[in-house]
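The data block below is model_1.txt; it holds compact mmCIF, C-alpha atoms.
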# COMPACT_ATOMS: atom_id res chain seq x y z
CA MET A 1 8.23 5.15 0.72
CA THR A 2 10.76 2.33 0.58
CA ARG A 3 10.06 -1.20 1.81
CA HIS A 4 12.91 -3.54 2.82
CA PHE A 5 11.24 -6.60 1.28
CA PHE A 6 11.06 -5.12 -2.24
CA SER A 7 13.61 -5.85 -4.92
CA GLU A 8 14.69 -2.91 -7.06
CA GLY A 9 12.15 -3.38 -9.84
CA VAL A 10 9.27 -3.96 -7.44
CA GLN A 11 10.21 -0.87 -5.41
CA GLU A 12 9.96 1.18 -8.59
CA ARG A 13 6.47 -0.21 -9.29
CA PHE A 14 5.42 0.55 -5.73
CA ALA A 15 6.70 4.13 -6.02
CA GLN A 16 4.98 4.62 -9.37
CA SER A 17 1.67 3.49 -7.88
CA ARG A 18 1.97 6.24 -5.31
CA PHE A 19 2.55 8.86 -8.02
CA ASP A 20 -0.42 7.40 -9.91
CA ALA A 21 -2.49 7.77 -6.72
CA ILE A 22 -1.89 11.53 -6.75
CA ARG A 23 -3.42 11.79 -10.21
CA LYS A 24 -6.32 9.55 -9.21
CA LEU A 25 -6.97 11.77 -6.19
CA GLY A 26 -7.14 14.69 -8.59
CA ARG A 27 -9.71 12.92 -10.77
CA ILE A 28 -11.82 12.12 -7.71
CA ALA A 29 -11.64 15.75 -6.56
CA GLU A 30 -12.89 16.87 -9.96
CA GLU A 31 -15.67 14.27 -10.14
CA GLU A 32 -16.87 15.12 -6.64
CA GLU A 33 -16.63 18.88 -7.31
CA CYS A 34 -14.29 19.39 -4.36
CA LYS A 35 -13.11 22.92 -3.65
CA PHE A 36 -9.68 21.79 -2.47
CA MET A 37 -7.60 18.84 -1.29
CA VAL A 38 -5.60 18.48 1.93
CA VAL A 39 -2.76 16.05 2.62
CA CYS A 40 -2.42 15.70 6.38
CA GLY A 41 1.31 15.22 6.81
CA ASP A 42 4.03 12.85 5.62
CA VAL A 43 3.76 13.86 1.99
CA PHE A 44 7.36 12.64 1.68
CA GLU A 45 9.03 9.79 3.54
CA SER A 46 11.71 12.13 4.84
CA ASN A 47 13.32 15.51 4.28
CA LEU A 48 16.23 13.66 2.66
CA VAL A 49 14.13 12.26 -0.17
CA ASP A 50 15.96 12.29 -3.50
CA ARG A 51 15.52 15.00 -6.13
CA LYS A 52 13.84 12.67 -8.64
CA THR A 53 11.09 11.73 -6.18
CA VAL A 54 10.34 15.39 -5.48
CA LEU A 55 10.20 16.17 -9.20
CA LEU A 56 7.88 13.25 -9.96
CA ALA A 57 5.58 14.14 -7.07
CA LEU A 58 5.32 17.75 -8.22
CA GLU A 59 4.75 16.62 -11.80
CA ALA A 60 1.83 14.48 -10.63
CA LEU A 61 0.45 17.35 -8.54
CA LYS A 62 0.34 19.51 -11.68
CA ASP A 63 -2.51 17.31 -12.90
CA VAL A 64 -4.68 17.89 -9.81
CA PRO A 65 -7.34 20.42 -10.90
CA VAL A 66 -8.06 21.90 -7.44
CA PRO A 67 -5.93 23.73 -4.87
CA VAL A 68 -3.81 21.34 -2.80
CA TYR A 69 -2.65 22.08 0.75
CA LEU A 70 0.29 20.05 2.07
CA LEU A 71 0.89 19.73 5.80
CA PRO A 72 4.40 18.91 7.10
CA GLY A 73 4.29 15.90 9.43
CA ASN A 74 6.71 13.86 11.49
CA HIS A 75 8.44 12.39 8.43
CA ASP A 76 8.82 15.72 6.65
CA PRO A 77 8.76 18.40 9.39
CA LEU A 78 9.13 22.06 8.54
CA ASN A 79 12.63 22.52 9.95
CA ALA A 80 15.90 23.89 8.57
CA ALA A 81 16.40 20.78 6.43
CA SER A 82 12.82 20.69 5.15
CA VAL A 83 12.20 19.34 1.68
CA TYR A 84 9.66 22.16 1.31
CA GLY A 85 12.49 24.68 1.48
CA SER A 86 14.67 22.90 -1.07
CA THR A 87 15.50 24.58 -4.34
CA VAL A 88 13.92 21.85 -6.44
CA PHE A 89 10.63 22.05 -4.52
CA LEU A 90 10.41 25.83 -4.57
CA GLU A 91 11.33 26.13 -8.25
CA ARG A 92 9.03 23.36 -9.52
CA LYS A 93 6.03 23.68 -7.17
CA PRO A 94 2.81 24.34 -9.13
CA VAL A 95 1.07 27.58 -8.18
CA HIS A 96 -2.04 25.77 -6.93
CA VAL A 97 0.02 23.70 -4.44
CA HIS A 98 0.46 25.30 -1.03
CA VAL A 99 2.53 24.29 2.00
CA ILE A 100 0.85 24.99 5.36
CA GLU A 101 3.65 26.73 7.26
CA ASP A 102 1.87 27.92 10.43
CA THR A 103 -1.47 27.94 12.24
CA THR A 104 -2.76 31.19 10.74
CA PRO A 105 -6.21 30.54 9.18
CA ILE A 106 -5.98 30.27 5.39
CA ARG A 107 -8.88 31.64 3.38
CA VAL A 108 -9.61 29.10 0.64
CA ASP A 109 -12.91 30.51 -0.58
CA GLU A 110 -15.31 33.19 0.54
CA ASP A 111 -16.96 30.82 2.99
CA ILE A 112 -14.23 28.38 4.01
CA GLU A 113 -10.91 28.45 5.87
CA ILE A 114 -8.17 25.98 6.69
CA VAL A 115 -6.37 25.99 10.02
CA GLY A 116 -3.27 23.84 9.67
CA VAL A 117 -1.08 22.48 12.45
CA PRO A 118 2.33 21.74 10.86
CA TRP A 119 5.12 19.87 12.61
CA THR A 120 8.39 21.80 12.91
CA SER A 121 10.30 18.91 14.48
CA LYS A 122 10.09 15.14 14.50
CA ARG A 123 9.13 14.99 18.19
CA PRO A 124 6.87 17.75 19.50
CA LEU A 125 6.73 18.09 23.27
CA GLN A 126 3.10 19.20 23.51
CA ASP A 127 -0.36 18.81 21.98
CA LEU A 128 -0.02 21.07 18.93
CA VAL A 129 -3.68 20.78 18.00
CA ALA A 130 -4.94 21.91 21.40
CA LEU A 131 -2.45 24.76 21.38
CA ALA A 132 -3.63 25.96 17.95
CA THR A 133 -7.37 25.63 18.53
CA GLU A 134 -7.28 27.32 21.94
CA GLN A 135 -6.09 30.51 20.25
CA LEU A 136 -8.88 30.54 17.65
CA GLU A 137 -11.98 32.70 17.78
CA ASN A 138 -15.30 31.14 16.90
CA VAL A 139 -16.49 31.93 13.39
CA VAL A 140 -19.82 32.86 11.81
CA ASP A 141 -20.75 32.32 8.15
CA THR A 142 -17.49 30.47 7.55
CA MET A 143 -16.73 26.75 7.50
CA ARG A 144 -13.34 25.99 9.02
CA VAL A 145 -11.32 22.80 8.52
CA CYS A 146 -8.53 21.87 10.92
CA VAL A 147 -5.73 19.93 9.20
CA ALA A 148 -3.46 18.16 11.68
CA HIS A 149 -1.07 15.27 12.16
CA GLY A 150 -0.41 12.88 15.02
CA THR A 151 -2.04 10.33 17.30
CA VAL A 152 -5.30 10.96 19.10
CA ASP A 153 -5.07 9.98 22.77
CA SER A 154 -8.05 7.63 22.53
CA LEU A 155 -6.20 5.52 19.93
CA SER A 156 -2.70 5.59 21.40
CA PRO A 157 -0.94 2.67 23.11
CA ASN A 158 1.46 5.17 24.71
CA PRO A 159 -0.41 7.47 27.12
CA ASP A 160 2.81 9.20 28.22
CA ASP A 161 3.59 10.68 24.79
CA PRO A 162 3.58 14.49 25.30
CA ALA A 163 2.54 15.07 21.69
CA LEU A 164 -0.71 13.09 21.98
CA ILE A 165 -3.70 14.94 20.59
CA SER A 166 -6.50 15.42 23.10
CA LEU A 167 -9.73 14.19 21.55
CA LYS A 168 -11.69 16.16 24.13
CA ALA A 169 -9.91 19.39 23.15
CA ALA A 170 -10.66 18.73 19.46
CA GLU A 171 -14.32 18.07 20.23
CA ASN A 172 -14.47 21.24 22.32
CA ALA A 173 -13.13 23.26 19.38
CA ILE A 174 -15.95 21.87 17.26
CA SER A 175 -18.65 22.49 19.88
CA GLN A 176 -17.40 26.08 20.33
CA ASN A 177 -17.69 26.71 16.58
CA LYS A 178 -13.96 27.28 16.20
CA VAL A 179 -13.62 24.50 13.63
CA HIS A 180 -16.21 22.36 11.87
CA TYR A 181 -14.19 19.39 10.70
CA VAL A 182 -10.84 17.87 11.72
CA ALA A 183 -8.77 16.01 9.11
CA PHE A 184 -6.01 13.98 10.73
CA GLY A 185 -2.95 12.30 9.24
CA TYR A 186 -0.46 9.80 10.73
CA ARG A 187 -2.64 6.71 11.04
CA HIS A 188 -2.46 4.66 7.82
CA SER A 189 -5.95 3.17 8.13
CA LEU A 190 -9.16 4.99 7.30
CA THR A 191 -10.63 5.70 10.74
CA GLU A 192 -13.66 7.58 12.00
CA VAL A 193 -12.41 8.84 15.35
CA VAL A 194 -15.86 9.66 16.77
CA ASP A 195 -19.34 8.70 15.59
CA SER A 196 -20.30 12.30 14.94
CA GLY A 197 -18.41 12.18 11.63
CA TYR A 198 -16.55 15.42 12.34
CA ILE A 199 -13.11 13.89 13.02
CA TRP A 200 -11.40 11.44 10.64
CA TYR A 201 -8.13 9.86 9.62
CA ALA A 202 -8.28 9.37 5.86
CA GLY A 203 -5.37 6.91 5.96
CA THR A 204 -2.90 6.39 3.13
CA PRO A 205 -3.89 6.27 -0.56
CA GLU A 206 -1.86 3.06 -0.95
CA PRO A 207 -1.38 0.27 1.63
CA THR A 208 2.08 0.21 3.17
CA ASP A 209 2.17 -2.74 5.59
CA PHE A 210 0.40 -5.86 6.84
CA ASN A 211 -1.10 -4.48 10.05
CA GLU A 212 -3.27 -1.77 8.48
CA MET A 213 -7.01 -2.25 8.92
CA LYS A 214 -8.37 -0.12 6.07
CA PRO A 215 -5.67 1.49 3.93
CA GLY A 216 -5.88 2.61 0.31
CA PHE A 217 -8.72 5.10 0.65
CA ALA A 218 -9.41 8.77 0.13
CA LEU A 219 -12.14 10.59 2.04
CA VAL A 220 -14.46 13.12 0.41
CA ALA A 221 -15.95 15.41 3.07
CA THR A 222 -18.93 17.69 2.48
CA ILE A 223 -19.20 20.41 5.11
CA ASN A 224 -22.08 22.86 5.47
CA GLU A 225 -24.38 24.44 8.03
CA VAL A 226 -26.27 21.19 8.45
CA GLY A 227 -23.19 19.18 9.36
CA VAL A 228 -20.65 16.87 7.74
CA THR A 229 -21.12 13.95 5.39
CA THR A 230 -18.26 11.77 4.19
CA LYS A 231 -17.73 9.41 1.30
CA GLU A 232 -15.05 6.71 1.29
CA VAL A 233 -13.32 6.16 -2.06
CA ASN A 234 -11.10 3.12 -2.51
CA ILE A 235 -8.12 3.98 -4.71
CA GLY A 236 -5.33 1.63 -3.56
CA LYS A 237 -3.93 -0.94 -5.99
CA TRP A 238 -1.54 -2.84 -3.71
CA ASN A 239 -2.56 -5.62 -1.38
CA PHE A 240 -0.71 -6.86 1.73
CA ILE A 241 -1.70 -10.38 2.82
CA GLU A 242 -0.48 -12.12 5.97
CA ARG A 243 -1.25 -15.74 6.89
CA GLU A 244 -0.22 -16.55 10.43
CA GLN A 245 -0.46 -20.35 10.24
CA VAL A 246 -0.05 -22.36 7.06
CA ASP A 247 -0.03 -26.10 7.81
CA LEU A 248 2.30 -28.11 5.56
CA ASN A 249 2.54 -31.85 6.13
CA THR A 250 1.61 -33.57 2.88
CA LYS A 251 1.88 -33.22 -0.87
CA GLU A 252 -1.77 -32.16 -0.86
CA ASP A 253 -0.86 -29.26 1.44
CA ILE A 254 1.81 -28.14 -1.02
CA GLU A 255 -0.70 -28.28 -3.88
CA ALA A 256 -3.25 -26.32 -1.85
CA LEU A 257 -0.64 -23.61 -1.30
CA ARG A 258 0.14 -23.61 -5.02
CA ASN A 259 -3.55 -23.15 -5.86
CA TRP A 260 -3.83 -20.34 -3.33
CA PHE A 261 -0.96 -18.50 -5.00
CA GLU A 262 -2.45 -19.10 -8.45
CA ASN A 263 -5.80 -17.61 -7.43
CA LEU A 264 -4.34 -14.37 -6.09
CA GLU A 265 -5.50 -11.36 -8.10
CA GLY A 266 -3.06 -8.60 -9.07
CA LYS A 267 -0.02 -10.72 -8.21
CA GLU A 268 2.51 -8.11 -9.29
CA GLN A 269 1.01 -5.65 -6.77
CA THR A 270 0.61 -8.11 -3.91
CA VAL A 271 2.86 -8.59 -0.89
CA VAL A 272 2.57 -11.89 1.00
CA LYS A 273 3.88 -12.95 4.40
CA LEU A 274 3.50 -16.63 5.34
CA ARG A 275 4.32 -18.48 8.55
CA PHE A 276 4.62 -22.22 8.00
CA ILE A 277 4.09 -24.96 10.56
CA GLY A 278 4.21 -28.73 10.18
CA ALA A 279 6.62 -31.44 9.13
CA LEU A 280 7.78 -32.24 5.59
CA SER A 281 10.00 -34.84 4.04
CA LEU A 282 13.06 -33.46 2.27
CA SER A 283 11.49 -34.11 -1.13
CA LEU A 284 8.36 -32.18 -0.21
CA TYR A 285 10.45 -29.40 1.26
CA SER A 286 12.29 -29.20 -2.06
CA GLU A 287 8.92 -28.88 -3.83
CA LEU A 288 7.99 -26.08 -1.45
CA GLU A 289 11.22 -24.21 -2.18
CA GLU A 290 10.69 -24.56 -5.91
CA LEU A 291 7.10 -23.35 -5.58
CA LEU A 292 8.18 -20.31 -3.57
CA SER A 293 11.02 -19.55 -5.97
CA HIS A 294 8.53 -19.54 -8.86
CA PHE A 295 6.04 -17.19 -7.25
CA GLN A 296 8.71 -14.87 -5.87
CA GLU A 297 9.45 -13.99 -9.49
CA ILE A 298 5.79 -13.10 -10.14
CA ILE A 299 4.40 -11.66 -6.93
CA GLY A 300 5.48 -8.25 -5.61
CA ALA A 301 7.14 -9.78 -2.56
CA VAL A 302 6.93 -13.05 -0.64
CA GLU A 303 8.20 -13.24 2.93
CA THR A 304 8.26 -16.59 4.72
CA ARG A 305 8.85 -17.74 8.28
CA MET A 306 9.88 -21.40 8.63
CA ASN A 307 10.89 -21.58 12.28
CA ASN A 308 8.03 -23.98 13.05
CA LEU A 309 8.43 -26.10 9.94
CA VAL A 310 10.33 -29.33 10.58
CA VAL A 311 12.10 -31.12 7.73
CA ILE A 312 12.54 -34.85 8.28
CA PRO A 313 14.76 -36.60 5.71
CA GLU A 314 13.42 -40.01 4.72
CA ASP A 315 15.28 -42.82 2.98
CA ALA A 316 12.99 -42.43 -0.02
CA ASP A 317 14.29 -38.89 -0.50
CA PHE A 318 17.70 -40.23 -1.54
CA MET A 319 16.90 -43.49 -3.35
CA ASP A 320 17.10 -42.12 -6.90
CA LEU A 321 19.79 -39.47 -6.53
CA GLY A 322 22.50 -41.72 -7.96
CA PHE A 323 25.23 -40.26 -5.77
CA SER A 324 28.35 -42.24 -4.86
CA GLY A 325 31.75 -41.66 -3.31
CA PHE A 326 32.36 -38.15 -1.98
CA ALA A 327 28.85 -36.93 -2.93
CA SER A 328 27.23 -39.83 -1.11
CA ARG A 329 29.33 -39.22 2.03
CA THR A 330 28.39 -35.52 1.89
CA VAL A 331 24.71 -36.41 1.80
CA GLU A 332 25.09 -38.66 4.84
CA ARG A 333 26.92 -35.95 6.78
CA LEU A 334 24.25 -33.39 5.97
CA ARG A 335 21.55 -35.86 7.03
CA SER A 336 23.36 -36.39 10.30
CA ASN A 337 23.50 -32.63 10.92
CA ILE A 338 19.75 -32.37 10.46
CA GLU A 339 18.97 -35.34 12.68
CA ASN A 340 21.22 -34.02 15.46
CA SER A 341 19.45 -30.63 15.45
CA GLY A 342 22.78 -28.81 15.74
CA SER A 343 23.64 -25.25 14.85
CA ASP A 344 24.07 -26.27 11.21
CA ASN A 345 20.58 -27.74 11.01
CA ILE A 346 19.00 -25.12 8.74
CA THR A 347 22.06 -24.78 6.48
CA SER A 348 22.27 -28.56 6.09
CA ARG A 349 18.55 -28.80 5.40
CA ASP A 350 18.72 -26.18 2.65
CA ALA A 351 21.82 -27.78 1.13
CA LEU A 352 20.15 -31.18 0.98
CA ALA A 353 16.98 -29.69 -0.46
CA LEU A 354 19.04 -28.04 -3.19
CA LEU A 355 20.74 -31.37 -3.97
CA VAL A 356 17.38 -33.06 -4.28
CA ARG A 357 16.08 -30.34 -6.57
CA LEU A 358 19.16 -30.34 -8.79
CA ALA A 359 19.30 -34.13 -8.97
CA GLY A 360 15.71 -34.19 -10.16
CA ARG A 361 16.41 -31.96 -13.14
CA GLU A 362 17.81 -32.80 -16.53
CA LEU A 363 21.07 -30.87 -16.68

Can the structure from this file be put into structure tokens for me?
Amino acid sequence: MTRHFFSEGVQERFAQSRFDAIRKLGRIAEEEECKFMVVCGDVFESNLVDRKTVLLALEALKDVPVPVYLLPGNHDPLNAASVYGSTVFLERKPVHVHVIEDTTPIRVDEDIEIVGVPWTSKRPLQDLVALATEQLENVVDTMRVCVAHGTVDSLSPNPDDPALISLKAAENAISQNKVHYVAFGYRHSLTEVVDSGYIWYAGTPEPTDFNEMKPGFALVATINEVGVTTKEVNIGKWNFIEREQVDLNTKEDIEALRNWFENLEGKEQTVVKLRFIGALSLSLYSELEELLSHFQEIIGAVETRMNNLVVIPEDADFMDLGFSGFASRTVERLRSNIENSGSDNITSRDALALLVRLAGREL
């Protein structure tokens, strides 16, 4: 997965963490004595993913000590351009890694089956899960896991989506003994869909954005005649932090922000989004820019929104700059642009702040 706010080096660290997560999932599967692992869609960001990414993913999957079943989802559907049909995937795929290509029940062990519901296009026009489970016979002496991808209707903000998964239909399949557990993919947050514990989204093994409620988990499910028990395992290393309202009006506010940055754990694997409000003198705004510039070199990514932060130049901001002639006239013109709130306001503000910062350094 690529993120627009990552620089090149940070993007590489983010990608490596996701390869590391595959190996960690394998260790968890071994420790928990799992019979197999399922990945419920969107294994790859797209079918156009580069060759190196495919090779590194398959190399990591080699280290998983249990059978792995990969389900094509909306990002990597099983169509003519599918990454799963590429030469590099087919030639390098470990023998214990399987792609779920249709809804035919897959016998994993003598007493357990998988029924997968792969996507063959990016936009299905019907409820694929209901379609697949309706055709199943109920089973005796066999535990059956349904592996699917998509949005359950009870969690969707778009009730008109034809591909919505009917929760009622999924529950009916369970009550009719057609399946005994439903593992969903698509939602990035670990989510128990119903209190019965039979239907879950495991979420993503690494966080990917700010609006995720509980990302970075794997789910270990134990299924038997008695029922289902689940265990949540936190494996994510990255952290996405969003602060909607950061008040900045005084030097003390700037120092409080500095201390907050300093106290962040795992800075190199942290992504921060800050929305500032308040009013700062030009000198304090220059301090803020210097502070942000410093931490942007340390933290994974820092996004800022300054639309509601007002910069008010004060006479004291320019007393010790030592400018004269053309430089002095330039300062006055930039100050005038800021005070007039014209279209050049932000550009003039940043230019003045840079002058203040540079003038305060020993060159």

Nearest to Tyr69 in chain A by atom-to-atom distance, counting all atoms listed in the file, from A:Val272, A:Val145, A:Leu56, A:Ala130: A:Val145

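Minimum atom-to-atom distance to Leu248 in chain A, evaluated using only C-alpha atoms, belongs to A:Gly278 out of A:Gly227, A:Pro162, A:Gly278, A:Gly300.
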
All residues 9 Å or closer to range 265-267 of chain A, only C-alpha atoms, same chain fewer than 5 positions away omitted, as a CSV table (one decimal) with C-alpha atoms, in the coordinates of the input:
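part17.csv, freshly written:
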chain,number,residue,atom,x,y,z
A,237,LYS,CA,-3.9,-0.9,-6.0
A,238,TRP,CA,-1.5,-2.8,-3.7
A,239,ASN,CA,-2.6,-5.6,-1.4
A,295,PHE,CA,6.0,-17.2,-7.2
A,298,ILE,CA,5.8,-13.1,-10.1
A,299,ILE,CA,4.4,-11.7,-6.9
A,300,GLY,CA,5.5,-8.2,-5.6

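Going from CA of Leu280 in chain A over to CA of Lys251 in chain A, you cover 8.8 Å.
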
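Of the residues listed (A:Gly203, A:Pro159, A:Pro67, A:Gly85), A:Gly203 shows the shortest atom-to-atom separation from Gly41 in chain A; distances use all atoms listed in the file.
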
Nearest-residue call for Leu309 in chain A, choices A:Ser293, A:Thr230, A:Thr270, A:Asn249, using all atoms listed in the file: A:Asn249

All residues 7 Å or closer to Thr103 in chain A, all atoms listed in the file, same chain fewer than 6 positions away omitted, as a list in words: Val115, Gly116, Val117 and Ala132 of chain A

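A distance cut-off of 7 Å around (5.9, 21.1, -10.9), counting all atoms listed in the file, selects these protein and nucleic acid residues: Leu55, Leu58, Glu59, Lys62, Arg92, Lys93 and Pro94 of chain A.
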
Shell around range 104-108 of chain A at 12 Å using only C-alpha atoms, local window under 5 positions removed, as a PyMOL selection string: chain A and resi 34-38+66-69+96+98-99+113-118+132-133+135-139+142-147+178-179

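Proximity to Tyr201 in chain A was assessed for A:Met213, A:Cys40, A:Ala301, A:Leu128 counting all atoms listed in the file; the smallest distance is recorded for A:Cys40.
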
Gap from CA of Pro65 in chain A to CA of Ala183 in chain A - Å, one decimal: 20.5 Å

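Within the 9 Å cut-off around Pro72 in chain A, using all atoms listed in the file and omitting residues fewer than 3 positions from it on the same chain, the listed residues are Val39, Cys40, Gly41, Asp42, Val43, Phe44, His75, Asp76, Pro77, Leu78, Ser82, Tyr84, Val99, Ile100, Glu101, Val117, Pro118, Trp119, Thr120 and His149 of chain A.
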
Within 12 Å of file point (9.1, -24.4, -2.6), counting all atoms listed in the file, expressed as a PyMOL selection string: chain A and resi 248+251+253-255+257-258+261+276+280+282-296+302+304+306+350+353-354+357

Test item: residues at most 9 Å from range 14-28 of chain A, only C-alpha atoms, excluding those fewer than 2 positions along its chain, as a ChimeraX atom specification: /A:1-2,6,9-12,30-34,37,53,56-57,59-66,205-206,218,220,233,235-238,269,300
